[in-house]
file final_21.pdb (PDB, C-alpha atoms)
ATOM      1  CA  MET A   1     284.225  25.762 -44.086
ATOM      2  CA  LYS A   2     283.237  27.551 -40.897
ATOM      3  CA  HIS A   3     279.884  26.726 -39.311
ATOM      4  CA  HIS A   4     278.021  28.635 -36.614
ATOM      5  CA  GLN A   5     274.681  27.919 -34.960
ATOM      6  CA  THR A   6     272.628  30.147 -32.675
ATOM      7  CA  ALA A   7     269.195  29.659 -31.122
ATOM      8  CA  LEU A   8     266.934  32.686 -30.922
ATOM      9  CA  ARG A   9     263.938  32.799 -28.620
ATOM     10  CA  VAL A  10     260.897  34.893 -29.420
ATOM     11  CA  LYS A  11     258.281  35.133 -26.695
ATOM     12  CA  THR A  12     254.766  35.624 -27.974
ATOM     13  CA  THR A  13     251.338  36.174 -26.487
ATOM     14  CA  GLY A  14     249.274  34.608 -29.234
ATOM     15  CA  LYS A  15     249.064  35.083 -32.947
ATOM     16  CA  SER A  16     250.932  38.085 -34.255
ATOM     17  CA  LEU A  17     253.804  39.165 -36.466
ATOM     18  CA  HIS A  18     257.227  39.679 -34.885
ATOM     19  CA  LYS A  19     260.250  41.383 -36.388
ATOM     20  CA  ILE A  20     263.391  39.338 -35.753
ATOM     21  CA  THR A  21     265.699  41.200 -38.142
ATOM     22  CA  ASN A  22     267.818  42.746 -35.366
ATOM     23  CA  GLN A  23     268.204  39.400 -33.577
ATOM     24  CA  VAL A  24     269.294  37.667 -36.785
ATOM     25  CA  GLU A  25     271.708  40.505 -37.645
ATOM     26  CA  GLN A  26     273.259  40.311 -34.170
ATOM     27  CA  ALA A  27     273.625  36.532 -34.412
ATOM     28  CA  VAL A  28     275.337  36.812 -37.803
ATOM     29  CA  GLU A  29     277.645  39.568 -36.535
ATOM     30  CA  LYS A  30     278.634  37.545 -33.444
ATOM     31  CA  SER A  31     279.347  34.489 -35.603
ATOM     32  CA  SER A  32     282.341  36.188 -37.278
ATOM     33  CA  VAL A  33     281.370  34.465 -40.538
ATOM     34  CA  MET A  34     282.232  36.841 -43.369
ATOM     35  CA  ASN A  35     280.674  34.989 -46.337
ATOM     36  CA  GLY A  36     278.055  32.303 -46.355
ATOM     37  CA  LEU A  37     274.420  31.434 -45.944
ATOM     38  CA  CYS A  38     272.128  32.288 -43.054
ATOM     39  CA  THR A  39     269.360  29.738 -42.569
ATOM     40  CA  VAL A  40     266.485  30.502 -40.218
ATOM     41  CA  PHE A  41     264.611  27.395 -39.063
ATOM     42  CA  VAL A  42     261.367  27.855 -37.138
ATOM     43  CA  ARG A  43     260.963  24.957 -34.717
ATOM     44  CA  HIS A  44     257.365  25.581 -33.644
ATOM     45  CA  THR A  45     254.692  23.622 -35.503
ATOM     46  CA  SER A  46     252.234  26.514 -35.734
ATOM     47  CA  ALA A  47     254.748  29.237 -36.574
ATOM     48  CA  SER A  48     255.797  30.471 -40.001
ATOM     49  CA  LEU A  49     258.590  32.591 -41.344
ATOM     50  CA  LEU A  50     257.593  35.478 -43.584
ATOM     51  CA  ILE A  51     260.244  37.514 -45.340
ATOM     52  CA  GLN A  52     259.363  40.942 -46.684
ATOM     53  CA  GLU A  53     261.177  44.217 -47.198
ATOM     54  CA  ASN A  54     259.296  46.065 -44.435
ATOM     55  CA  ALA A  55     259.473  49.366 -46.329
ATOM     56  CA  ASP A  56     255.910  50.363 -45.437
ATOM     57  CA  PRO A  57     254.488  49.759 -41.941
ATOM     58  CA  ASP A  58     250.996  49.415 -43.458
ATOM     59  CA  VAL A  59     252.106  46.106 -44.967
ATOM     60  CA  LEU A  60     252.048  44.496 -41.494
ATOM     61  CA  VAL A  61     248.440  45.610 -41.033
ATOM     62  CA  ASP A  62     247.551  44.285 -44.484
ATOM     63  CA  LEU A  63     249.213  40.939 -43.700
ATOM     64  CA  GLU A  64     247.424  40.603 -40.361
ATOM     65  CA  ASN A  65     244.082  41.363 -42.039
ATOM     66  CA  PHE A  66     244.807  38.876 -44.821
ATOM     67  CA  PHE A  67     245.698  36.091 -42.369
ATOM     68  CA  ALA A  68     242.627  36.859 -40.233
ATOM     69  CA  LYS A  69     240.429  36.356 -43.304
ATOM     70  CA  LEU A  70     242.373  33.324 -44.510
ATOM     71  CA  VAL A  71     242.235  31.537 -41.136
ATOM     72  CA  PRO A  72     239.502  33.050 -38.941
ATOM     73  CA  GLU A  73     239.703  32.403 -35.190
ATOM     74  CA  ASP A  74     236.195  30.947 -34.993
ATOM     75  CA  ALA A  75     236.462  28.636 -38.031
TER
END
call {"tool": "encode", "arguments": {"input": "final_21.pdb", "output": "structure tokens"}}
result
Amino acid sequence: MKHHQTALRVKTTGKSLHKITNQVEQAVEKSSVMNGLCTVFVRHTSASLLIQENADPDVLVDLENFFAKLVPEDA
């Protein structure tokens, strides 16, 4: 079974949502793996991975508002 590993770096300037779809697609394409499983592991302790279809750009605004209420900055 073929195995491929790639590290992606995402530079941030504080809390926010970042689309990494293109980076993951490029990594999978460069791997030459035709069938298999793509695992995304987030190594930062305060980061999370959120998977959604991204069909409506308003969803990102809704998510940011939800997280701001769930975990307020001044709490």
call {"tool": "residues_around", "arguments": {"input": "final_21.pdb", "residues": "stretch 7-21 of chain A", "least_positions_apart": "3", "cutoff": "9 Å", "atoms": "all atoms listed in the file", "output": "CSV table (one decimal) with C-alpha atoms, in the frame of the given file"}}
result
chain,number,residue,atom,x,y,z
A,24,VAL,CA,269.3,37.7,-36.8
A,25,GLU,CA,271.7,40.5,-37.6
A,26,GLN,CA,273.3,40.3,-34.2
A,27,ALA,CA,273.6,36.5,-34.4
A,47,ALA,CA,254.7,29.2,-36.6
A,50,LEU,CA,257.6,35.5,-43.6
A,60,LEU,CA,252.0,44.5,-41.5
A,63,LEU,CA,249.2,40.9,-43.7
A,64,GLU,CA,247.4,40.6,-40.4
call {"tool": "closest_residue", "arguments": {"input": "final_21.pdb", "among": "A:His3, A:Ser48, A:Gly36, A:Lys30", "to": "A:Phe67", "atoms": "all atoms listed in the file"}}
result
A:Ser48
call {"tool": "axis_aligned_box", "arguments": {"input": "final_21.pdb", "around": "stretch 43-62 of chain A", "padding_each_side": "8 Å", "output": "lines of an AutoDock Vina configuration file"}}
result
center_x = 254.4
center_y = 37.0
center_z = -40.4
size_x = 29.6
size_y = 42.7
size_z = 29.6
call {"tool": "atom_distance", "arguments": {"input": "final_21.pdb", "atom1": "atom CA of A:Val40", "atom2": "atom CA of A:His4"}}
result
12.2 Å
call {"tool": "resolve_selection", "arguments": {"input": "final_21.pdb", "expression": "the PyMOL selection byres ((chain A and resi 37) around 12)", "output": "NGL selection string"}}
result
:A and (1-5 or 28 or 31 or 33-36 or 38-40)
call {"tool": "atom_distance", "arguments": {"input": "final_21.pdb", "atom1": "atom CA of A:Val42", "atom2": "atom CA of A:Lys69"}}
result
23.4 Å
call {"tool": "atom_distance", "arguments": {"input": "final_21.pdb", "atom1": "atom CA of A:Val71", "atom2": "atom CA of A:Leu49"}}
result
16.4 Å
call {"tool": "build_atoms", "arguments": {"input": "final_21.pdb", "residues": "stretch 27-63 of chain A", "atoms": "N, CA and C atoms", "output": "CSV table (one decimal), keeping the file's coordinate frame"}}
result
chain,number,residue,atom,x,y,z
A,27,ALA,N,273.1,37.9,-34.4
A,27,ALA,CA,273.6,36.5,-34.4
A,27,ALA,C,274.7,36.4,-35.5
A,28,VAL,N,274.4,36.9,-36.7
A,28,VAL,CA,275.3,36.8,-37.8
A,28,VAL,C,276.6,37.6,-37.5
A,29,GLU,N,276.5,38.8,-36.9
A,29,GLU,CA,277.6,39.6,-36.5
A,29,GLU,C,278.5,38.8,-35.5
A,30,LYS,N,277.9,38.3,-34.5
A,30,LYS,CA,278.6,37.5,-33.4
A,30,LYS,C,279.3,36.3,-34.0
A,31,SER,N,278.8,35.7,-35.1
A,31,SER,CA,279.3,34.5,-35.6
A,31,SER,C,280.7,34.7,-36.2
A,32,SER,N,281.1,35.9,-36.6
A,32,SER,CA,282.3,36.2,-37.3
A,32,SER,C,282.4,35.5,-38.7
A,33,VAL,N,281.4,35.0,-39.2
A,33,VAL,CA,281.4,34.5,-40.5
A,33,VAL,C,281.3,35.6,-41.5
A,34,MET,N,282.2,35.7,-42.4
A,34,MET,CA,282.2,36.8,-43.4
A,34,MET,C,281.4,36.6,-44.7
A,35,ASN,N,281.4,35.4,-45.1
A,35,ASN,CA,280.7,35.0,-46.3
A,35,ASN,C,280.0,33.7,-46.1
A,36,GLY,N,278.7,33.6,-46.6
A,36,GLY,CA,278.1,32.3,-46.4
A,36,GLY,C,276.6,32.4,-46.5
A,37,LEU,N,275.9,31.5,-45.9
A,37,LEU,CA,274.4,31.4,-45.9
A,37,LEU,C,273.8,31.5,-44.5
A,38,CYS,N,272.8,32.2,-44.3
A,38,CYS,CA,272.1,32.3,-43.1
A,38,CYS,C,270.8,31.6,-43.2
A,39,THR,N,270.6,30.5,-42.5
A,39,THR,CA,269.4,29.7,-42.6
A,39,THR,C,268.6,30.0,-41.3
A,40,VAL,N,267.3,30.3,-41.4
A,40,VAL,CA,266.5,30.5,-40.2
A,40,VAL,C,265.5,29.4,-40.2
A,41,PHE,N,265.5,28.6,-39.2
A,41,PHE,CA,264.6,27.4,-39.1
A,41,PHE,C,263.7,27.7,-37.9
A,42,VAL,N,262.4,27.6,-38.2
A,42,VAL,CA,261.4,27.9,-37.1
A,42,VAL,C,260.9,26.5,-36.6
A,43,ARG,N,261.2,26.3,-35.3
A,43,ARG,CA,261.0,25.0,-34.7
A,43,ARG,C,259.5,24.7,-34.2
A,44,HIS,N,258.7,25.7,-34.2
A,44,HIS,CA,257.4,25.6,-33.6
A,44,HIS,C,256.4,25.1,-34.8
A,45,THR,N,255.6,24.2,-34.5
A,45,THR,CA,254.7,23.6,-35.5
A,45,THR,C,253.6,24.6,-36.0
A,46,SER,N,253.3,25.6,-35.3
A,46,SER,CA,252.2,26.5,-35.7
A,46,SER,C,252.8,27.9,-36.1
A,47,ALA,N,254.1,28.0,-36.2
A,47,ALA,CA,254.7,29.2,-36.6
A,47,ALA,C,255.2,29.2,-38.0
A,48,SER,N,255.3,30.3,-38.6
A,48,SER,CA,255.8,30.5,-40.0
A,48,SER,C,256.8,31.6,-40.1
A,49,LEU,N,257.6,31.5,-41.1
A,49,LEU,CA,258.6,32.6,-41.3
A,49,LEU,C,258.2,33.3,-42.6
A,50,LEU,N,258.0,34.6,-42.5
A,50,LEU,CA,257.6,35.5,-43.6
A,50,LEU,C,258.7,36.5,-43.8
A,51,ILE,N,259.2,36.6,-45.0
A,51,ILE,CA,260.2,37.5,-45.3
A,51,ILE,C,259.7,38.6,-46.3
A,52,GLN,N,259.8,39.8,-45.9
A,52,GLN,CA,259.4,40.9,-46.7
A,52,GLN,C,260.3,42.1,-46.4
A,53,GLU,N,260.2,43.1,-47.3
A,53,GLU,CA,261.2,44.2,-47.2
A,53,GLU,C,260.9,45.2,-46.1
A,54,ASN,N,259.7,45.2,-45.6
A,54,ASN,CA,259.3,46.1,-44.4
A,54,ASN,C,259.5,47.6,-44.7
A,55,ALA,N,259.3,48.0,-46.0
A,55,ALA,CA,259.5,49.4,-46.3
A,55,ALA,C,258.3,50.2,-45.9
A,56,ASP,N,257.1,49.6,-45.8
A,56,ASP,CA,255.9,50.4,-45.4
A,56,ASP,C,255.2,49.7,-44.3
A,57,PRO,N,255.1,50.4,-43.1
A,57,PRO,CA,254.5,49.8,-41.9
A,57,PRO,C,253.0,49.3,-42.2
A,58,ASP,N,252.4,49.8,-43.2
A,58,ASP,CA,251.0,49.4,-43.5
A,58,ASP,C,250.9,48.0,-44.0
A,59,VAL,N,252.1,47.5,-44.5
A,59,VAL,CA,252.1,46.1,-45.0
A,59,VAL,C,251.8,45.1,-43.8
A,60,LEU,N,252.3,45.4,-42.6
A,60,LEU,CA,252.0,44.5,-41.5
A,60,LEU,C,250.6,44.4,-41.2
A,61,VAL,N,249.9,45.6,-41.3
A,61,VAL,CA,248.4,45.6,-41.0
A,61,VAL,C,247.7,44.8,-42.1
A,62,ASP,N,248.2,45.0,-43.4
A,62,ASP,CA,247.6,44.3,-44.5
A,62,ASP,C,247.7,42.8,-44.3
A,63,LEU,N,248.9,42.4,-43.9
A,63,LEU,CA,249.2,40.9,-43.7
A,63,LEU,C,248.4,40.4,-42.6
